[in-house]
file data_26.cif (mmCIF, C-alpha atoms)
data_input
loop_
_atom_site.label_atom_id
_atom_site.label_comp_id
_atom_site.auth_asym_id
_atom_site.auth_seq_id
_atom_site.Cartn_x
_atom_site.Cartn_y
_atom_site.Cartn_z
CA MET A 1 20.33 33.82 -24.85
CA LYS A 2 20.94 34.49 -21.18
CA GLN A 3 20.20 31.44 -19.05
CA LYS A 4 17.56 31.89 -16.36
CA GLN A 5 19.16 31.74 -12.92
CA LYS A 6 17.64 29.43 -10.37
CA ARG A 7 16.63 31.03 -7.09
CA THR A 8 17.65 29.25 -3.91
CA MET A 9 15.22 28.77 -1.00
CA LYS A 10 16.80 31.75 0.81
CA GLU A 11 16.11 33.98 -2.19
CA LEU A 12 12.39 33.14 -2.24
CA PRO A 13 9.92 35.54 -0.59
CA LEU A 14 9.35 34.67 3.06
CA TRP A 15 5.82 33.34 2.39
CA GLU A 16 7.22 30.86 -0.18
CA ARG A 17 9.86 29.31 2.08
CA PRO A 18 8.52 26.02 3.47
CA TYR A 19 10.67 25.97 6.63
CA GLU A 20 9.56 29.45 7.63
CA LYS A 21 5.93 28.62 6.80
CA VAL A 22 6.04 25.63 9.16
CA LEU A 23 7.41 27.82 11.96
CA GLU A 24 4.82 30.52 11.36
CA CYS A 25 1.71 28.54 10.39
CA GLY A 26 2.38 24.84 10.99
CA SER A 27 3.02 21.98 8.59
CA ALA A 28 -0.65 21.87 7.47
CA SER A 29 -0.08 25.19 5.66
CA LEU A 30 2.37 23.58 3.20
CA SER A 31 1.34 22.38 -0.23
CA ASP A 32 2.13 18.80 -1.28
CA ALA A 33 5.14 20.04 -3.25
CA GLU A 34 6.43 22.07 -0.31
CA LEU A 35 6.13 19.09 2.06
CA LEU A 36 8.07 16.94 -0.37
CA ALA A 37 10.68 19.69 -0.84
CA VAL A 38 11.33 19.77 2.91
CA ILE A 39 12.06 16.03 2.86
CA LEU A 40 14.23 16.23 -0.29
CA ARG A 41 16.12 19.16 1.29
CA SER A 42 18.07 20.15 -1.83
CA GLY A 43 17.61 20.46 -5.55
CA THR A 44 20.10 20.68 -8.42
CA ARG A 45 21.81 23.53 -10.25
CA GLU A 46 18.80 23.74 -12.56
CA LEU A 47 15.97 23.03 -10.12
CA SER A 48 15.18 24.15 -6.59
CA ALA A 49 13.95 21.50 -4.14
CA LYS A 50 10.38 22.77 -4.60
CA GLU A 51 10.61 22.72 -8.40
CA MET A 52 11.98 19.19 -8.24
CA ALA A 53 9.12 18.18 -5.95
CA GLU A 54 6.63 19.64 -8.44
CA GLU A 55 8.28 17.62 -11.25
CA ILE A 56 8.04 14.43 -9.19
CA LEU A 57 4.38 14.95 -8.34
CA ARG A 58 3.52 15.90 -11.92
CA HIS A 59 5.17 12.85 -13.49
CA GLY A 60 3.98 10.21 -11.03
CA THR A 61 1.59 7.44 -12.03
CA PRO A 62 -0.92 8.55 -10.95
CA ALA A 63 0.04 12.20 -10.63
CA GLY A 64 0.22 13.63 -7.11
CA LEU A 65 1.11 12.03 -3.80
CA ALA A 66 -0.35 8.65 -4.76
CA GLY A 67 2.46 8.33 -7.31
CA LEU A 68 4.94 8.02 -4.44
CA LEU A 69 3.27 4.75 -3.47
CA HIS A 70 3.53 3.31 -6.98
CA GLY A 71 6.93 4.52 -8.18
CA THR A 72 10.02 2.32 -8.44
CA LEU A 73 13.66 3.42 -8.33
CA GLU A 74 13.74 3.27 -12.13
CA ASP A 75 10.56 5.34 -12.45
CA PHE A 76 11.88 8.12 -10.23
CA MET A 77 15.30 8.22 -11.89
CA GLU A 78 13.62 9.04 -15.21
CA ILE A 79 12.37 12.35 -13.75
CA ARG A 80 14.46 15.41 -14.45
CA GLY A 81 16.90 16.15 -11.64
CA VAL A 82 16.31 12.89 -9.73
CA GLY A 83 19.40 10.74 -9.26
CA LYS A 84 19.90 7.49 -7.39
CA VAL A 85 19.98 9.04 -3.91
CA LYS A 86 16.79 11.07 -4.44
CA ALA A 87 15.08 8.03 -5.97
CA ILE A 88 15.96 5.97 -2.89
CA GLN A 89 14.51 8.73 -0.70
CA LEU A 90 11.28 8.66 -2.69
CA VAL A 91 10.72 4.89 -2.57
CA CYS A 92 11.43 5.02 1.16
CA ILE A 93 8.81 7.77 1.59
CA GLY A 94 6.26 5.48 -0.08
CA GLU A 95 7.20 2.51 2.09
CA LEU A 96 7.19 4.62 5.26
CA SER A 97 3.69 5.91 4.40
CA ARG A 98 2.38 2.36 4.05
CA ARG A 99 3.92 1.31 7.36
CA ILE A 100 2.60 4.36 9.22
CA TRP A 101 -0.91 3.64 7.96
CA LYS A 102 -0.69 -0.04 8.90
CA THR A 103 0.65 0.76 12.37
CA ALA A 104 -2.00 3.43 12.98
CA VAL A 105 -4.90 1.07 12.32
CA SER A 106 -3.46 -2.20 13.65
CA ALA A 107 -4.23 -1.62 17.33
CA GLU A 108 -7.93 -1.25 16.64
CA THR A 109 -8.32 -3.96 14.01
CA THR A 110 -6.25 -6.86 15.34
CA VAL A 111 -9.52 -8.60 16.30
CA PHE A 112 -10.90 -9.51 12.89
CA ASP A 113 -14.56 -10.04 13.69
CA HIS A 114 -15.86 -8.08 10.68
CA PRO A 115 -14.60 -7.75 7.08
CA SER A 116 -14.48 -3.95 7.37
CA LYS A 117 -11.76 -4.28 10.02
CA VAL A 118 -9.62 -6.45 7.76
CA ALA A 119 -10.12 -4.07 4.83
CA SER A 120 -9.32 -1.05 7.01
CA ARG A 121 -6.01 -2.51 8.08
CA TYR A 122 -4.81 -3.62 4.64
CA MET A 123 -6.42 -1.14 2.24
CA GLU A 124 -3.53 1.34 1.93
CA GLU A 125 -0.95 -1.42 1.76
CA MET A 126 -2.67 -3.43 -0.98
CA ARG A 127 -4.77 -1.12 -3.13
CA HIS A 128 -1.71 0.36 -4.86
CA MET A 129 -0.07 -2.99 -5.71
CA GLU A 130 0.38 -3.63 -9.42
CA GLN A 131 0.36 -7.42 -9.10
CA GLU A 132 -2.06 -9.70 -7.30
CA ASN A 133 -0.84 -10.64 -3.83
CA LEU A 134 -2.41 -13.33 -1.70
CA LYS A 135 -2.19 -13.12 2.08
CA LEU A 136 -3.20 -15.67 4.68
CA LEU A 137 -4.44 -14.34 8.02
CA ILE A 138 -4.27 -16.95 10.79
CA LEU A 139 -6.57 -16.39 13.77
CA ASN A 140 -7.08 -17.83 17.24
CA THR A 141 -10.37 -18.75 18.94
CA LYS A 142 -11.17 -15.06 19.60
CA ASN A 143 -10.53 -14.01 15.98
CA ILE A 144 -7.30 -12.31 17.06
CA LEU A 145 -4.58 -12.27 14.41
CA ILE A 146 -1.79 -14.73 15.23
CA ARG A 147 0.15 -14.52 12.01
CA GLU A 148 0.07 -12.84 8.61
CA VAL A 149 1.67 -14.88 5.82
CA ASN A 150 2.40 -13.67 2.28
CA ILE A 151 1.48 -16.73 0.24
CA SER A 152 2.08 -15.66 -3.35
CA ARG A 153 2.62 -12.81 -5.75
CA GLY A 154 1.18 -13.33 -9.19
CA THR A 155 0.66 -11.58 -12.47
CA VAL A 156 -1.81 -8.74 -12.91
CA ASN A 157 -4.46 -11.40 -13.58
CA ALA A 158 -4.04 -14.17 -11.00
CA SER A 159 -2.34 -15.19 -7.78
CA LEU A 160 -3.55 -18.60 -6.66
CA SER A 161 -1.89 -21.25 -4.53
CA THR A 162 -3.00 -24.71 -3.46
CA PRO A 163 -5.07 -25.12 -0.29
CA ARG A 164 -2.28 -27.40 0.95
CA GLU A 165 0.13 -24.44 1.23
CA LEU A 166 -2.38 -22.46 3.26
CA PHE A 167 -3.14 -25.15 5.80
CA ILE A 168 0.51 -26.11 6.28
CA GLU A 169 1.00 -22.53 7.51
CA ALA A 170 -2.18 -22.53 9.58
CA LEU A 171 -1.20 -25.80 11.32
CA ARG A 172 2.35 -24.59 11.87
CA HIS A 173 1.08 -21.56 13.77
CA ARG A 174 -1.74 -23.43 15.54
CA GLY A 175 -4.49 -21.43 13.95
CA VAL A 176 -8.13 -22.27 14.52
CA GLY A 177 -9.49 -20.16 11.66
CA ILE A 178 -8.17 -18.38 8.56
CA ILE A 179 -9.05 -15.44 6.34
CA LEU A 180 -7.84 -15.09 2.77
CA LEU A 181 -7.00 -11.63 1.45
CA HIS A 182 -5.93 -10.57 -2.00
CA ASN A 183 -5.97 -7.47 -4.19
CA HIS A 184 -7.22 -6.72 -7.68
CA PRO A 185 -4.77 -4.36 -9.45
CA SER A 186 -7.59 -3.22 -11.76
CA GLY A 187 -9.16 -1.47 -8.76
CA ASP A 188 -12.43 -3.41 -9.12
CA PRO A 189 -12.84 -5.81 -6.16
CA ALA A 190 -15.63 -7.84 -7.77
CA PRO A 191 -14.77 -11.56 -7.48
CA SER A 192 -13.97 -13.49 -10.63
CA ARG A 193 -15.21 -17.02 -11.33
CA GLU A 194 -11.73 -18.31 -10.43
CA ASP A 195 -11.84 -16.41 -7.10
CA CYS A 196 -15.13 -18.08 -6.20
CA LEU A 197 -14.02 -21.59 -7.20
CA TYR A 198 -10.75 -21.26 -5.30
CA THR A 199 -12.57 -19.99 -2.22
CA ARG A 200 -14.88 -23.00 -2.18
CA ARG A 201 -11.92 -25.38 -2.56
CA VAL A 202 -10.17 -23.78 0.41
CA GLN A 203 -13.36 -23.85 2.48
CA GLN A 204 -13.89 -27.57 1.80
CA ALA A 205 -10.29 -28.35 2.79
CA GLY A 206 -10.62 -26.25 5.94
CA ASN A 207 -13.80 -28.05 6.97
CA LEU A 208 -12.03 -31.41 6.69
CA LEU A 209 -9.10 -30.18 8.81
CA GLY A 210 -11.20 -28.34 11.38
CA ILE A 211 -9.70 -24.96 10.46
CA PRO A 212 -12.59 -23.04 8.88
CA LEU A 213 -12.18 -20.40 6.21
CA LEU A 214 -13.94 -17.44 7.85
CA ASP A 215 -13.86 -15.10 4.86
CA HIS A 216 -12.10 -14.22 1.63
CA ILE A 217 -11.73 -10.48 1.15
CA ILE A 218 -10.74 -8.81 -2.10
CA ILE A 219 -9.17 -5.34 -1.99
CA GLY A 220 -9.78 -2.89 -4.83
CA ASP A 221 -9.11 0.83 -5.15
CA ASN A 222 -10.56 2.16 -1.88
CA ALA A 223 -13.21 -0.57 -2.01
CA TYR A 224 -13.46 -4.19 -0.95
CA VAL A 225 -15.68 -7.24 -1.31
CA SER A 226 -16.27 -9.92 1.33
CA LEU A 227 -17.12 -13.26 -0.25
CA LYS A 228 -18.80 -14.23 3.00
CA GLU A 229 -21.11 -11.21 2.77
CA ARG A 230 -21.75 -12.03 -0.90
CA GLY A 231 -22.94 -15.52 0.10
CA ILE A 232 -20.20 -17.26 -1.88
CA LEU A 233 -18.88 -19.06 1.19
CA GLU A 234 -21.09 -22.06 1.95
CA THR A 235 -22.80 -21.99 5.34
#

call {"tool": "encode", "arguments": {"input": "data_26.cif", "output": "structure tokens"}}
result
Amino acid sequence: MKQKQKRTMKELPLWERPYEKVLECGSASLSDAELLAVILRSGTRELSAKEMAEEILRHGTPAGLAGLLHGTLEDFMEIRGVGKVKAIQLVCIGELSRRIWKTAVSAETTVFDHPSKVASRYMEEMRHMEQENLKLLILNTKNILIREVNISRGTVNASLSTPRELFIEALRHRGVGIILLHNHPSGDPAPSREDCLYTRRVQQAGNLLGIPLLDHIIIGDNAYVSLKERGILET
């Protein structure tokens, strides 16, 4: 049987070439696969860059662009045509996307005077995480972020640390208030019984030290819950 020959980018019709499409119609005219193909630049003997991009998007977990935020080096190297160098490119695309999002929203949400501002800043960074991560946000008297501290990374079920660890960091950076922030890998931000008990323990410790716990926010899949708004924090 005669093997099917792969067409190079130059052999594609003009309207299928991503570089020419950008010049003629702008980058918004490109499909997700075409955008990824431009970044990958080259394919293999069996696959064009666009075909490789389609394979990557099809086999992601979940499928599509969101898979670039979840994939590891090992995940990408299991896809046909993707070697170590391409896999490194792909994990860097995911990391760059997270950093761009965080930078874009940080200027407007540095003053954390409402839970929606905290959620807006950290949603894209945390909603794709496959383990629970606990962050401590240390604030000054005007609710301006002084320091963000990654406290712990847990299993898919729990990521708790002692209040002592939190307040050592808060005192070190001269914070006058703190916010706790963690994600639920399940995508459901509803607080568990353990979340509520832990929050109350931290609040009691903060009241004794004069560094109040202002809120505990749980990030889900494009959704969040503020334990302050839920009335779980004692007033």

call {"tool": "closest_atom_pairs", "arguments": {"input": "data_26.cif", "of": "region 78-165 of chain A", "to": "region 179-182 of chain A", "cutoff": "12 Å", "atoms": "all atoms listed in the file", "output": "Markdown table"}}
result
| residue | atom | partner | partner_atom | distance |
| --- | --- | --- | --- | --- |
| A:Phe112 | CA | A:Ile179 | CA | 9.0 |
| A:Asp113 | CA | A:Ile179 | CA | 10.7 |
| A:His114 | CA | A:Ile179 | CA | 10.9 |
| A:Pro115 | CA | A:Ile179 | CA | 9.5 |
| A:Val118 | CA | A:Leu181 | CA | 8.6 |
| A:Ala119 | CA | A:Leu181 | CA | 8.8 |
| A:Arg121 | CA | A:Leu181 | CA | 11.3 |
| A:Tyr122 | CA | A:Leu181 | CA | 8.9 |
| A:Met123 | CA | A:His182 | CA | 10.4 |
| A:Glu125 | CA | A:His182 | CA | 11.1 |
| A:Met126 | CA | A:His182 | CA | 7.9 |
| A:Arg127 | CA | A:His182 | CA | 9.6 |
| A:Met129 | CA | A:His182 | CA | 10.3 |
| A:Glu130 | CA | A:His182 | CA | 12.0 |
| A:Gln131 | CA | A:His182 | CA | 10.0 |
| A:Glu132 | CA | A:His182 | CA | 6.6 |
| A:Asn133 | CA | A:His182 | CA | 5.4 |
| A:Leu134 | CA | A:His182 | CA | 4.5 |
| A:Lys135 | CA | A:Leu181 | CA | 5.1 |
| A:Leu136 | CA | A:Leu180 | CA | 5.1 |
| A:Leu137 | CA | A:Ile179 | CA | 5.0 |
| A:Ile138 | CA | A:Ile179 | CA | 6.7 |
| A:Leu139 | CA | A:Ile179 | CA | 7.9 |
| A:Asn140 | CA | A:Ile179 | CA | 11.3 |
| A:Asn143 | CA | A:Ile179 | CA | 9.9 |
| A:Ile144 | CA | A:Ile179 | CA | 11.3 |
| A:Leu145 | CA | A:Ile179 | CA | 9.8 |
| A:Ile146 | CA | A:Ile179 | CA | 11.5 |
| A:Arg147 | CA | A:Ile179 | CA | 10.8 |
| A:Glu148 | CA | A:Ile179 | CA | 9.8 |
| A:Val149 | CA | A:Leu180 | CA | 10.0 |
| A:Asn150 | CA | A:Leu181 | CA | 9.7 |
| A:Ile151 | CA | A:Leu180 | CA | 9.8 |
| A:Ser152 | CA | A:His182 | CA | 9.6 |
| A:Arg153 | CA | A:His182 | CA | 9.6 |
| A:Gly154 | CA | A:His182 | CA | 10.5 |
| A:Val156 | CA | A:His182 | CA | 11.8 |
| A:Asn157 | CA | A:His182 | CA | 11.7 |
| A:Ala158 | CA | A:His182 | CA | 9.9 |
| A:Ser159 | CA | A:His182 | CA | 8.2 |
| A:Leu160 | CA | A:His182 | CA | 9.6 |
| A:Ser161 | CA | A:Leu180 | CA | 11.3 |
| A:Pro163 | CA | A:Leu180 | CA | 10.8 |

call {"tool": "atom_distance", "arguments": {"input": "data_26.cif", "atom1": "CA of Ile56 (chain A)", "atom2": "CA of Phe76 (chain A)"}}
result
7.5 Å

call {"tool": "resolve_selection", "arguments": {"input": "data_26.cif", "expression": "the PyMOL selection byres ((chain A and resi 185-197) around 8)", "output": "VMD selection string"}}
result
chain A and resid 127 to 132 156 183 to 184 198 to 201 218 to 225 227 232

call {"tool": "resolve_selection", "arguments": {"input": "data_26.cif", "expression": "the PyMOL selection byres ((chain A and resi 60) around 12)", "output": "PyMOL selection string"}}
result
chain A and resi 53-59+61-72+75-79+90

call {"tool": "resolve_selection", "arguments": {"input": "data_26.cif", "expression": "the PyMOL selection byres ((chain A and resi 96-104) around 7)", "output": "list in words"}}
result
Cys92, Ile93, Gly94, Glu95, Val105, Ser106, Arg121, Tyr122, Glu124 and Glu125 of chain A

call {"tool": "axis_aligned_box", "arguments": {"input": "data_26.cif", "around": "region 132-140 of chain A", "padding_each_side": "8 Å", "output": "JSON"}}
result
{"center_x": -4.0, "center_y": -13.8, "center_z": 5.0, "size_x": 22.2, "size_y": 24.1, "size_z": 40.5}

call {"tool": "atom_distance", "arguments": {"input": "data_26.cif", "atom1": "CA of Ser29 (chain A)", "atom2": "CA of Thr44 (chain A)"}}
result
25.0 Å

call {"tool": "residues_near_point", "arguments": {"input": "data_26.cif", "point": "(12.9, 21.5, -7.2)", "cutoff": "12 Å", "atoms": "all atoms listed in the file", "output": "ChimeraX atom specification"}}
result
/A:6-9,33-58,79-82,86

call {"tool": "write_last_selection", "arguments": {"input": "data_26.cif", "atoms": "C-alpha atoms", "output": "JSON list (two decimals), in the frame of the given file"}}
result
[["chain", "number", "residue", "atom", "x", "y", "z"],
["A", 6, "LYS", "CA", 17.64, 29.43, -10.37],
["A", 7, "ARG", "CA", 16.63, 31.03, -7.09],
["A", 8, "THR", "CA", 17.65, 29.25, -3.91],
["A", 9, "MET", "CA", 15.22, 28.77, -1.00],
["A", 33, "ALA", "CA", 5.14, 20.04, -3.25],
["A", 34, "GLU", "CA", 6.43, 22.07, -0.31],
["A", 35, "LEU", "CA", 6.13, 19.09, 2.06],
["A", 36, "LEU", "CA", 8.07, 16.94, -0.37],
["A", 37, "ALA", "CA", 10.68, 19.69, -0.84],
["A", 38, "VAL", "CA", 11.33, 19.77, 2.91],
["A", 39, "ILE", "CA", 12.06, 16.03, 2.86],
["A", 40, "LEU", "CA", 14.23, 16.23, -0.29],
["A", 41, "ARG", "CA", 16.12, 19.16, 1.29],
["A", 42, "SER", "CA", 18.07, 20.15, -1.83],
["A", 43, "GLY", "CA", 17.61, 20.46, -5.55],
["A", 44, "THR", "CA", 20.10, 20.68, -8.42],
["A", 45, "ARG", "CA", 21.81, 23.53, -10.25],
["A", 46, "GLU", "CA", 18.80, 23.74, -12.56],
["A", 47, "LEU", "CA", 15.97, 23.03, -10.12],
["A", 48, "SER", "CA", 15.18, 24.15, -6.59],
["A", 49, "ALA", "CA", 13.95, 21.50, -4.14],
["A", 50, "LYS", "CA", 10.38, 22.77, -4.60],
["A", 51, "GLU", "CA", 10.61, 22.72, -8.40],
["A", 52, "MET", "CA", 11.98, 19.19, -8.24],
["A", 53, "ALA", "CA", 9.12, 18.18, -5.95],
["A", 54, "GLU", "CA", 6.63, 19.64, -8.44],
["A", 55, "GLU", "CA", 8.28, 17.62, -11.25],
["A", 56, "ILE", "CA", 8.04, 14.43, -9.19],
["A", 57, "LEU", "CA", 4.38, 14.95, -8.34],
["A", 58, "ARG", "CA", 3.52, 15.90, -11.92],
["A", 79, "ILE", "CA", 12.37, 12.35, -13.75],
["A", 80, "ARG", "CA", 14.46, 15.41, -14.45],
["A", 81, "GLY", "CA", 16.90, 16.15, -11.64],
["A", 82, "VAL", "CA", 16.31, 12.89, -9.73],
["A", 86, "LYS", "CA", 16.79, 11.07, -4.44]]

call {"tool": "atom_distance", "arguments": {"input": "data_26.cif", "atom1": "CA of Gly177 (chain A)", "atom2": "CA of Leu213 (chain A)"}}
result
6.1 Å

call {"tool": "closest_residue", "arguments": {"input": "data_26.cif", "among": "A:Leu233, A:Thr141, A:Gln203, A:Val85", "to": "Arg174 (chain A)", "atoms": "only C-alpha atoms"}}
result
A:Thr141

call {"tool": "closest_residue", "arguments": {"input": "data_26.cif", "among": "A:Gly175, A:Arg164, A:Pro18, A:Ile88", "to": "Gln204 (chain A)", "atoms": "all atoms listed in the file"}}
result
A:Arg164

call {"tool": "decode", "arguments": {"input": "data_26.cif", "residues": "region 64-75 of chain A", "atoms": "all heavy atoms", "output": "PDB file, in the first residue's frame"}}
result
ATOM      1  N   GLY A  64      -9.161  20.141  24.376  1.00  0.00           N
ATOM      2  CA  GLY A  64      -9.169  21.560  24.042  1.00  0.00           C
ATOM      3  C   GLY A  64      -8.058  22.322  24.747  1.00  0.00           C
ATOM      4  O   GLY A  64      -7.140  21.735  25.329  1.00  0.00           O
ATOM      5  N   LEU A  65      -8.146  23.631  24.704  1.00  0.00           N
ATOM      6  CA  LEU A  65      -7.090  24.481  25.255  1.00  0.00           C
ATOM      7  C   LEU A  65      -6.895  24.292  26.746  1.00  0.00           C
ATOM      8  O   LEU A  65      -5.782  24.429  27.261  1.00  0.00           O
ATOM      9  CB  LEU A  65      -7.408  25.956  24.960  1.00  0.00           C
ATOM     10  CG  LEU A  65      -7.324  26.385  23.491  1.00  0.00           C
ATOM     11  CD1 LEU A  65      -7.768  27.833  23.345  1.00  0.00           C
ATOM     12  CD2 LEU A  65      -5.895  26.216  22.958  1.00  0.00           C
ATOM     13  N   ALA A  66      -7.973  23.989  27.477  1.00  0.00           N
ATOM     14  CA  ALA A  66      -7.841  23.809  28.931  1.00  0.00           C
ATOM     15  C   ALA A  66      -6.878  22.681  29.279  1.00  0.00           C
ATOM     16  O   ALA A  66      -6.258  22.690  30.338  1.00  0.00           O
ATOM     17  CB  ALA A  66      -9.209  23.547  29.556  1.00  0.00           C
ATOM     18  N   GLY A  67      -6.723  21.713  28.367  1.00  0.00           N
ATOM     19  CA  GLY A  67      -5.792  20.615  28.605  1.00  0.00           C
ATOM     20  C   GLY A  67      -4.351  21.073  28.715  1.00  0.00           C
ATOM     21  O   GLY A  67      -3.519  20.420  29.360  1.00  0.00           O
ATOM     22  N   LEU A  68      -4.027  22.219  28.101  1.00  0.00           N
ATOM     23  CA  LEU A  68      -2.662  22.746  28.190  1.00  0.00           C
ATOM     24  C   LEU A  68      -2.340  23.221  29.598  1.00  0.00           C
ATOM     25  O   LEU A  68      -1.180  23.307  29.982  1.00  0.00           O
ATOM     26  CB  LEU A  68      -2.483  23.907  27.200  1.00  0.00           C
ATOM     27  CG  LEU A  68      -2.650  23.566  25.718  1.00  0.00           C
ATOM     28  CD1 LEU A  68      -2.508  24.820  24.865  1.00  0.00           C
ATOM     29  CD2 LEU A  68      -1.639  22.518  25.282  1.00  0.00           C
ATOM     30  N   LEU A  69      -3.365  23.552  30.378  1.00  0.00           N
ATOM     31  CA  LEU A  69      -3.152  23.997  31.749  1.00  0.00           C
ATOM     32  C   LEU A  69      -2.993  22.829  32.706  1.00  0.00           C
ATOM     33  O   LEU A  69      -2.450  22.977  33.791  1.00  0.00           O
ATOM     34  CB  LEU A  69      -4.322  24.876  32.201  1.00  0.00           C
ATOM     35  CG  LEU A  69      -4.489  26.193  31.440  1.00  0.00           C
ATOM     36  CD1 LEU A  69      -5.818  26.838  31.796  1.00  0.00           C
ATOM     37  CD2 LEU A  69      -3.344  27.142  31.745  1.00  0.00           C
ATOM     38  N   HIS A  70      -3.484  21.660  32.313  1.00  0.00           N
ATOM     39  CA  HIS A  70      -3.438  20.486  33.182  1.00  0.00           C
ATOM     40  C   HIS A  70      -2.275  19.550  32.885  1.00  0.00           C
ATOM     41  O   HIS A  70      -1.814  18.815  33.754  1.00  0.00           O
ATOM     42  CB  HIS A  70      -4.737  19.684  33.056  1.00  0.00           C
ATOM     43  CG  HIS A  70      -5.914  20.327  33.701  1.00  0.00           C
ATOM     44  ND1 HIS A  70      -6.238  20.146  35.019  1.00  0.00           N
ATOM     45  CD2 HIS A  70      -6.850  21.176  33.210  1.00  0.00           C
ATOM     46  CE1 HIS A  70      -7.317  20.835  35.317  1.00  0.00           C
ATOM     47  NE2 HIS A  70      -7.712  21.473  34.230  1.00  0.00           N
ATOM     48  N   GLY A  71      -1.819  19.523  31.622  1.00  0.00           N
ATOM     49  CA  GLY A  71      -0.877  18.501  31.194  1.00  0.00           C
ATOM     50  C   GLY A  71       0.500  18.618  31.820  1.00  0.00           C
ATOM     51  O   GLY A  71       1.014  19.709  32.053  1.00  0.00           O
ATOM     52  N   THR A  72       1.112  17.461  32.083  1.00  0.00           N
ATOM     53  CA  THR A  72       2.493  17.394  32.554  1.00  0.00           C
ATOM     54  C   THR A  72       3.395  17.004  31.384  1.00  0.00           C
ATOM     55  O   THR A  72       2.914  16.639  30.303  1.00  0.00           O
ATOM     56  CB  THR A  72       2.636  16.346  33.663  1.00  0.00           C
ATOM     57  OG1 THR A  72       2.335  15.045  33.107  1.00  0.00           O
ATOM     58  CG2 THR A  72       1.672  16.628  34.813  1.00  0.00           C
ATOM     59  N   LEU A  73       4.699  17.058  31.598  1.00  0.00           N
ATOM     60  CA  LEU A  73       5.642  16.607  30.564  1.00  0.00           C
ATOM     61  C   LEU A  73       5.320  15.185  30.122  1.00  0.00           C
ATOM     62  O   LEU A  73       5.312  14.869  28.931  1.00  0.00           O
ATOM     63  CB  LEU A  73       7.074  16.664  31.111  1.00  0.00           C
ATOM     64  CG  LEU A  73       7.783  18.011  31.103  1.00  0.00           C
ATOM     65  CD1 LEU A  73       9.104  17.902  31.845  1.00  0.00           C
ATOM     66  CD2 LEU A  73       8.029  18.495  29.678  1.00  0.00           C
ATOM     67  N   GLU A  74       5.060  14.325  31.104  1.00  0.00           N
ATOM     68  CA  GLU A  74       4.790  12.914  30.805  1.00  0.00           C
ATOM     69  C   GLU A  74       3.504  12.754  29.992  1.00  0.00           C
ATOM     70  O   GLU A  74       3.448  11.956  29.054  1.00  0.00           O
ATOM     71  CB  GLU A  74       4.690  12.106  32.105  1.00  0.00           C
ATOM     72  CG  GLU A  74       5.993  11.976  32.880  1.00  0.00           C
ATOM     73  CD  GLU A  74       6.393  13.257  33.611  1.00  0.00           C
ATOM     74  OE1 GLU A  74       5.500  14.129  33.815  1.00  0.00           O
ATOM     75  OE2 GLU A  74       7.573  13.387  33.971  1.00  0.00           O
ATOM     76  N   ASP A  75       2.483  13.546  30.366  1.00  0.00           N
ATOM     77  CA  ASP A  75       1.210  13.481  29.622  1.00  0.00           C
ATOM     78  C   ASP A  75       1.415  13.830  28.157  1.00  0.00           C
ATOM     79  O   ASP A  75       0.928  13.141  27.256  1.00  0.00           O
ATOM     80  CB  ASP A  75       0.189  14.461  30.226  1.00  0.00           C
ATOM     81  CG  ASP A  75      -0.248  14.090  31.626  1.00  0.00           C
ATOM     82  OD1 ASP A  75      -0.209  12.889  31.953  1.00  0.00           O
ATOM     83  OD2 ASP A  75      -0.616  14.993  32.388  1.00  0.00           O
TER      84      ASP A  75
END
